[in-house]
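K.L.:
Here's a structure for you.
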Amino acid sequence: MARFFYTVALFLLLPYVWLHLLWRGRRQPEYLRHIGERFGFYGKKNKGKNKPIIWLHAVSVGETMAAKPLFTAISEHYPNHQILITHMTPTGRQTSTQLFGDSVTRVYLPYDYPFAVRRFLAHFKPVVGLILETELWPNLVATCHDQAVPVFLVNARLSAKSARGYQRFSALSRPALQHLAGIAAQTPEDANRLRELGAQNVAVFGNIKFDLVPPPQQLALGEKLRESIRQRPIFLAASTREGEEALILNALKAHPFNSNSNIGNIGNIGNIKNTLLIIVPRHPQRFDEVAKLIEKHGLCLQRRSNNQPIDDSTQVLLGDSMGEMFAYYTACDVAFIGGSLLDFGGQNLIEACAVGTPVLIGPSTYNFSAAAEQAIACGAAQRVGDAAELLEVAGKLLSNKQQQATMGEAGEAFAVRHRGATAKTLGLISPAIY
């Protein structure tokens, strides 16, 4: 009965869905492409790919990046199967294009209307479905269960905040969780929260993101970027969210750039001059907005997308490129992981650790709580309370090469120590693949 009323509410919200797509399309025109897929219309099947389909759902960029080790393992173990990857956002779709090219079929997952879900399943006929992290749609899961399509929740994470939200709608979330064929949780805490919501067949396998190997071409690109910046110290603000860039830039303003030089530094913190600040916003649709914000603060800006040598007078490099995060981590001396100064729950710090980059994080890391605490405990990361403390600690690190090396080595060891979740996940899903 709960799912019936949920479906009725979805149909009542249908006009809003169209308005939402149009509104998002103003800033990201990609939202206005492939609209039919969002309602289960996928055109003709590719006759050249009549292989059994293994379906992976990765809602956006983070989940798509996490899917790479799993994609590689599945491709190697099941070469006679075709991989279908579904997304909900254009940036997720664009990321999978960069990562996987034409080796996968990629579409948008339909909205959770019963007719759209049935069309999706009838068109692709997947033998198994793998949903990364936490993206449960009641009608989708129920229809897969009714049609005997086993669906697994893999690399599952559930913060205390999200668990409270699911608990409020337990009449919907409990059946969805119980219809899953299995759940591979990242941590014991994630597993316990899922069990409390009614989940069954829950195992703790760790985080697949630890199995992501830095691509050699990205490491080489990072070294090239590092060389182009010459001997200047580099502080990276990675995956920043709305409002965080302003906090960082305002903190810079509180410590004015050296008035005797056209080349900026991060305040006068740690007496580090010539520092280049690289800002990489989490969402591409904000690139222009952040560029205007940097210019408004009177800083000399250069955009990575222009692909020009870094000028000595450049104070801020805007990382407005896609798929180059490993390169930025390789190039910089110290990295702040965004989404953590404000209450966004933090972004993934594992990539920075994997290439031996010292990590700074803010107070909000509930999306990656276990990884954050483990990284701090082993000396790979430090937590700061606000933007002012962020620049203070960054300045001290930039002036201390020995501490940078110690944190970097701890980060690399931390990343290696936690690998193995992909192999365990493959073992979980293999009995369902034929």
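Please note that chains go A, B, ... in the order of the structure tokens, that every chain numbers its residues from 1, and that ligands are numbered from 1 in the order shown.
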Counting only C-alpha atoms, what is within 8 Å of range 279-285 of chain A, bar same-chain residues fewer than 4 positions away, as a list of chain:residue names?
P.N.:
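Using only C-alpha atoms, the neighbours found are A:Arg27, A:Gln28, A:Thr91, A:Leu236, A:Ala237, A:Ala238, A:Ser239, A:Thr240, A:Arg241, A:Glu245, A:Val290, A:Val316, A:Leu317, A:Leu318, A:Gly319, A:Asp320, A:Met322, A:Gly338.
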K.L.:
Which is closest to Lys68 in chain A among A:Ser228, A:Gln302, A:Asn250, A:Thr422, if we use only C-alpha atoms?
P.N.:
A:Thr422
K.L.:
Out of A:His34, A:Lys396, A:Arg232, A:Arg383, which residue has the shortest atom-to-atom distance to Gln315 in chain A when counting only C-alpha atoms?
P.N.:
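Of A:His34, A:Lys396, A:Arg232, A:Arg383, the one nearest Gln315 in chain A, counting only C-alpha atoms, is A:Arg232.
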K.L.:
What's the 10 Å shell around Ala387 in chain A, counting only C-alpha atoms, without same-chain residues fewer than 6 positions away, as a compact mmCIF listing (two decimals) with C-alpha atoms, in the first residue's frame?
P.N.:
```txt
# COMPACT_ATOMS: atom_id res chain seq x y z
CA GLU A 244 33.43 26.74 0.11
CA GLU A 245 35.41 28.64 -2.51
CA ALA A 246 34.15 31.90 -1.01
CA LEU A 247 35.27 30.81 2.46
CA ILE A 248 38.76 29.99 1.19
CA LEU A 249 39.09 33.18 -0.85
CA ASN A 250 37.81 35.31 2.04
CA ALA A 251 40.38 33.69 4.31
CA LEU A 252 43.02 34.60 1.73
CA LEU A 341 34.20 22.83 5.24
CA LEU A 342 30.43 23.14 4.97
CA GLY A 362 37.18 19.98 7.23
CA VAL A 393 47.82 24.37 8.53
```
K.L.:
Considering only helix (DSSP H, G or I) as DSSP defines it on the backbone, what residues of range 44-190 of chain A qualify? List them as a PyMOL selection string.
P.N.:
chain A and resi 47-49+61-77+90-103+114-124+138-146+160-168+170-178+188-190
K.L.:
Considering only C-alpha atoms, return as a PyMOL selection string whatever protein or nucleic-acid residues lie within 12 Å of His418 in chain A, sequence-local ones (same chain, fewer than 2 positions apart) excluded.
P.N.:
chain A and resi 186-187+205-212+350+353-354+370-371+374-375+411-416+420-422
K.L.:
Generate a file of the selected residues that holds C-alpha atoms, formatted as a PDB file, in the first residue's frame.
P.N.:
```
ATOM      1  CA  GLN A 186      31.852  -0.585   3.206  1.00  0.00           C
ATOM      2  CA  THR A 187      32.098  -0.619   7.011  1.00  0.00           C
ATOM      3  CA  PHE A 205      33.738  -5.938   2.229  1.00  0.00           C
ATOM      4  CA  GLY A 206      35.403  -2.529   2.518  1.00  0.00           C
ATOM      5  CA  ASN A 207      35.494   0.326   0.025  1.00  0.00           C
ATOM      6  CA  ILE A 208      35.999  -0.470  -3.672  1.00  0.00           C
ATOM      7  CA  LYS A 209      37.513   3.000  -4.149  1.00  0.00           C
ATOM      8  CA  PHE A 210      40.708   1.731  -2.510  1.00  0.00           C
ATOM      9  CA  ASP A 211      41.114  -0.616  -5.487  1.00  0.00           C
ATOM     10  CA  LEU A 212      41.194   2.242  -7.981  1.00  0.00           C
ATOM     11  CA  ILE A 350      41.366   8.011  -1.102  1.00  0.00           C
ATOM     12  CA  CYS A 353      46.253   9.304  -0.443  1.00  0.00           C
ATOM     13  CA  ALA A 354      46.890   6.779  -3.219  1.00  0.00           C
ATOM     14  CA  ALA A 370      35.504   5.616   8.300  1.00  0.00           C
ATOM     15  CA  ALA A 371      38.077   6.501   5.629  1.00  0.00           C
ATOM     16  CA  GLN A 374      41.434   5.978   9.478  1.00  0.00           C
ATOM     17  CA  ALA A 375      43.461   8.407   7.367  1.00  0.00           C
ATOM     18  CA  GLY A 411      48.718   7.883   2.680  1.00  0.00           C
ATOM     19  CA  GLU A 412      50.152   5.437   0.165  1.00  0.00           C
ATOM     20  CA  ALA A 413      50.406   2.716   2.811  1.00  0.00           C
ATOM     21  CA  PHE A 414      46.859   3.462   3.975  1.00  0.00           C
ATOM     22  CA  ALA A 415      45.489   3.070   0.438  1.00  0.00           C
ATOM     23  CA  VAL A 416      47.321  -0.214  -0.181  1.00  0.00           C
ATOM     24  CA  GLY A 420      40.513  -6.046  -1.784  1.00  0.00           C
ATOM     25  CA  ALA A 421      36.823  -5.073  -1.754  1.00  0.00           C
ATOM     26  CA  THR A 422      36.452  -5.624  -5.508  1.00  0.00           C
TER      27      THR A 422
END
```
K.L.:
Between A:Arg168, A:Arg304, A:Arg195, A:Arg3, which has the minimum distance to Ile183 in chain A (counting only C-alpha atoms)?
P.N.:
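The answer is A:Arg195, which sits nearest to Ile183 in chain A.
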K.L.:
Using only C-alpha atoms, find the one residue out of A:Tyr113, A:Ala73, A:Val213, A:His57 that sits nearest to Leu14 in chain A.
P.N.:
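Of the candidates, the smallest distance to Leu14 in chain A is held by A:Tyr113.
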K.L.:
Name the residues of range 208-369 of chain A that fall into strand (DSSP E or B) according to DSSP on the backbone, using the chain letters and numbers of this document, as a list in words.
P.N.:
Ile234, Phe235, Leu236, Ala237, Ala238, Ser239, Thr240, Leu276, Leu277, Ile278, Ile279, Val280, Pro281, Leu301, Gln302, Arg303, Val316, Leu317, Leu318, Val334, Ala335, Phe336, Ile337, Val359, Leu360 and Ile361 of chain A
K.L.:
Would you mind exporting C-alpha atoms of the selected residues as a short mmCIF file (atom, residue, chain, number, x, y, z; two decimals), in the first residue's frame?
P.N.:
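Saved file out-v1.cif follows:
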```cif
data_model
loop_
_atom_site.label_atom_id
_atom_site.label_comp_id
_atom_site.auth_asym_id
_atom_site.auth_seq_id
_atom_site.Cartn_x
_atom_site.Cartn_y
_atom_site.Cartn_z
CA ILE A 234 51.03 24.24 -4.91
CA PHE A 235 47.97 24.08 -2.67
CA LEU A 236 44.98 22.25 -4.13
CA ALA A 237 41.36 22.76 -3.07
CA ALA A 238 39.74 19.69 -4.66
CA SER A 239 36.07 18.89 -5.23
CA THR A 240 34.91 22.09 -3.58
CA LEU A 276 49.77 28.70 -6.50
CA LEU A 277 46.23 27.92 -5.41
CA ILE A 278 44.40 25.39 -7.59
CA ILE A 279 40.63 25.23 -7.16
CA VAL A 280 38.73 22.30 -8.71
CA PRO A 281 34.96 22.64 -8.15
CA LEU A 301 43.18 33.74 -12.67
CA GLN A 302 44.12 31.16 -15.24
CA ARG A 303 41.86 28.35 -16.48
CA VAL A 316 44.76 30.87 -8.89
CA LEU A 317 44.45 28.07 -11.42
CA LEU A 318 40.85 26.99 -11.97
CA VAL A 334 49.09 19.62 -0.22
CA ALA A 335 45.42 18.90 -0.98
CA PHE A 336 42.27 19.99 0.79
CA ILE A 337 39.31 17.69 0.09
CA VAL A 359 45.44 15.58 2.89
CA LEU A 360 43.51 18.22 4.81
CA ILE A 361 39.80 17.83 5.56
#
```
K.L.:
Select, from A:Thr425, A:Thr357, A:Asn80, A:Ser399, the residue with the minimum atom-to-atom distance to Ala203 in chain A, counting only C-alpha atoms.
P.N.:
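Under the stated criterion, the closest residue is A:Thr425.
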K.L.:
Figure out the distance between CA of Glu242 in chain A and CA of Thr330 in chain A, please, to one decimal in Å.
P.N.:
24.4 Å
K.L.:
Please provide the set of residues having any atom within 9 Å of Ala199 in chain A, restricted to only C-alpha atoms, with same-chain residues fewer than 2 positions apart removed, written as an MDAnalysis selection string.
P.N.:
chainID A and resid 174:180 182:183 191 193:197 201:202
K.L.:
Could you save those same residues with C-alpha atoms as a PDB file, in the first residue's frame?
P.N.:
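Result went into selection.pdb, see below:
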```
ATOM      1  CA  ARG A 174      12.315  -1.860   4.297  1.00  0.00           C
ATOM      2  CA  PRO A 175      10.710  -3.894   1.448  1.00  0.00           C
ATOM      3  CA  ALA A 176      13.234  -2.466  -1.026  1.00  0.00           C
ATOM      4  CA  LEU A 177      16.157  -3.537   1.150  1.00  0.00           C
ATOM      5  CA  GLN A 178      14.650  -6.969   1.755  1.00  0.00           C
ATOM      6  CA  HIS A 179      14.148  -7.547  -1.983  1.00  0.00           C
ATOM      7  CA  LEU A 180      17.875  -7.142  -2.661  1.00  0.00           C
ATOM      8  CA  GLY A 182      22.706  -9.177  -1.260  1.00  0.00           C
ATOM      9  CA  ILE A 183      24.467  -6.133   0.175  1.00  0.00           C
ATOM     10  CA  ALA A 191      26.161  -2.663   7.727  1.00  0.00           C
ATOM     11  CA  ARG A 193      22.524   0.851   9.918  1.00  0.00           C
ATOM     12  CA  LEU A 194      21.303  -1.136   6.923  1.00  0.00           C
ATOM     13  CA  ARG A 195      20.326  -4.084   9.129  1.00  0.00           C
ATOM     14  CA  GLU A 196      18.439  -1.762  11.469  1.00  0.00           C
ATOM     15  CA  LEU A 197      16.413  -0.637   8.453  1.00  0.00           C
ATOM     16  CA  ASN A 201      22.250 -10.763   3.608  1.00  0.00           C
ATOM     17  CA  VAL A 202      24.611  -7.920   4.552  1.00  0.00           C
TER      18      VAL A 202
END
```
K.L.:
Neighbouring residues of range 5-11 of chain A were defined as those with any atom within 10 Å, considering only C-alpha atoms; residues of the same chain fewer than 3 positions away were excluded. Please report them as JSON, numbers by chain.
P.N.:
{"A": [1, 2, 14, 15, 16, 17, 111, 112, 113, 114, 138, 139, 172]}
K.L.:
I need the chosen residues saved as a short mmCIF file (atom, residue, chain, number, x, y, z; two decimals), in the first residue's frame, with C-alpha atoms.
P.N.:
```
data_model
loop_
_atom_site.label_atom_id
_atom_site.label_comp_id
_atom_site.auth_asym_id
_atom_site.auth_seq_id
_atom_site.Cartn_x
_atom_site.Cartn_y
_atom_site.Cartn_z
CA MET A 1 0.00 0.00 0.00
CA ALA A 2 2.86 2.38 0.80
CA LEU A 14 5.19 14.56 -13.17
CA PRO A 15 4.74 18.24 -14.23
CA TYR A 16 7.43 19.18 -11.72
CA VAL A 17 9.77 16.56 -13.21
CA TYR A 111 12.61 7.63 -13.18
CA ASP A 112 10.84 5.29 -10.79
CA TYR A 113 7.55 5.12 -12.69
CA PRO A 114 6.35 1.50 -13.06
CA PRO A 138 11.13 1.17 -4.55
CA ASN A 139 9.42 0.44 -7.87
CA LEU A 172 9.09 1.95 1.44
#
```
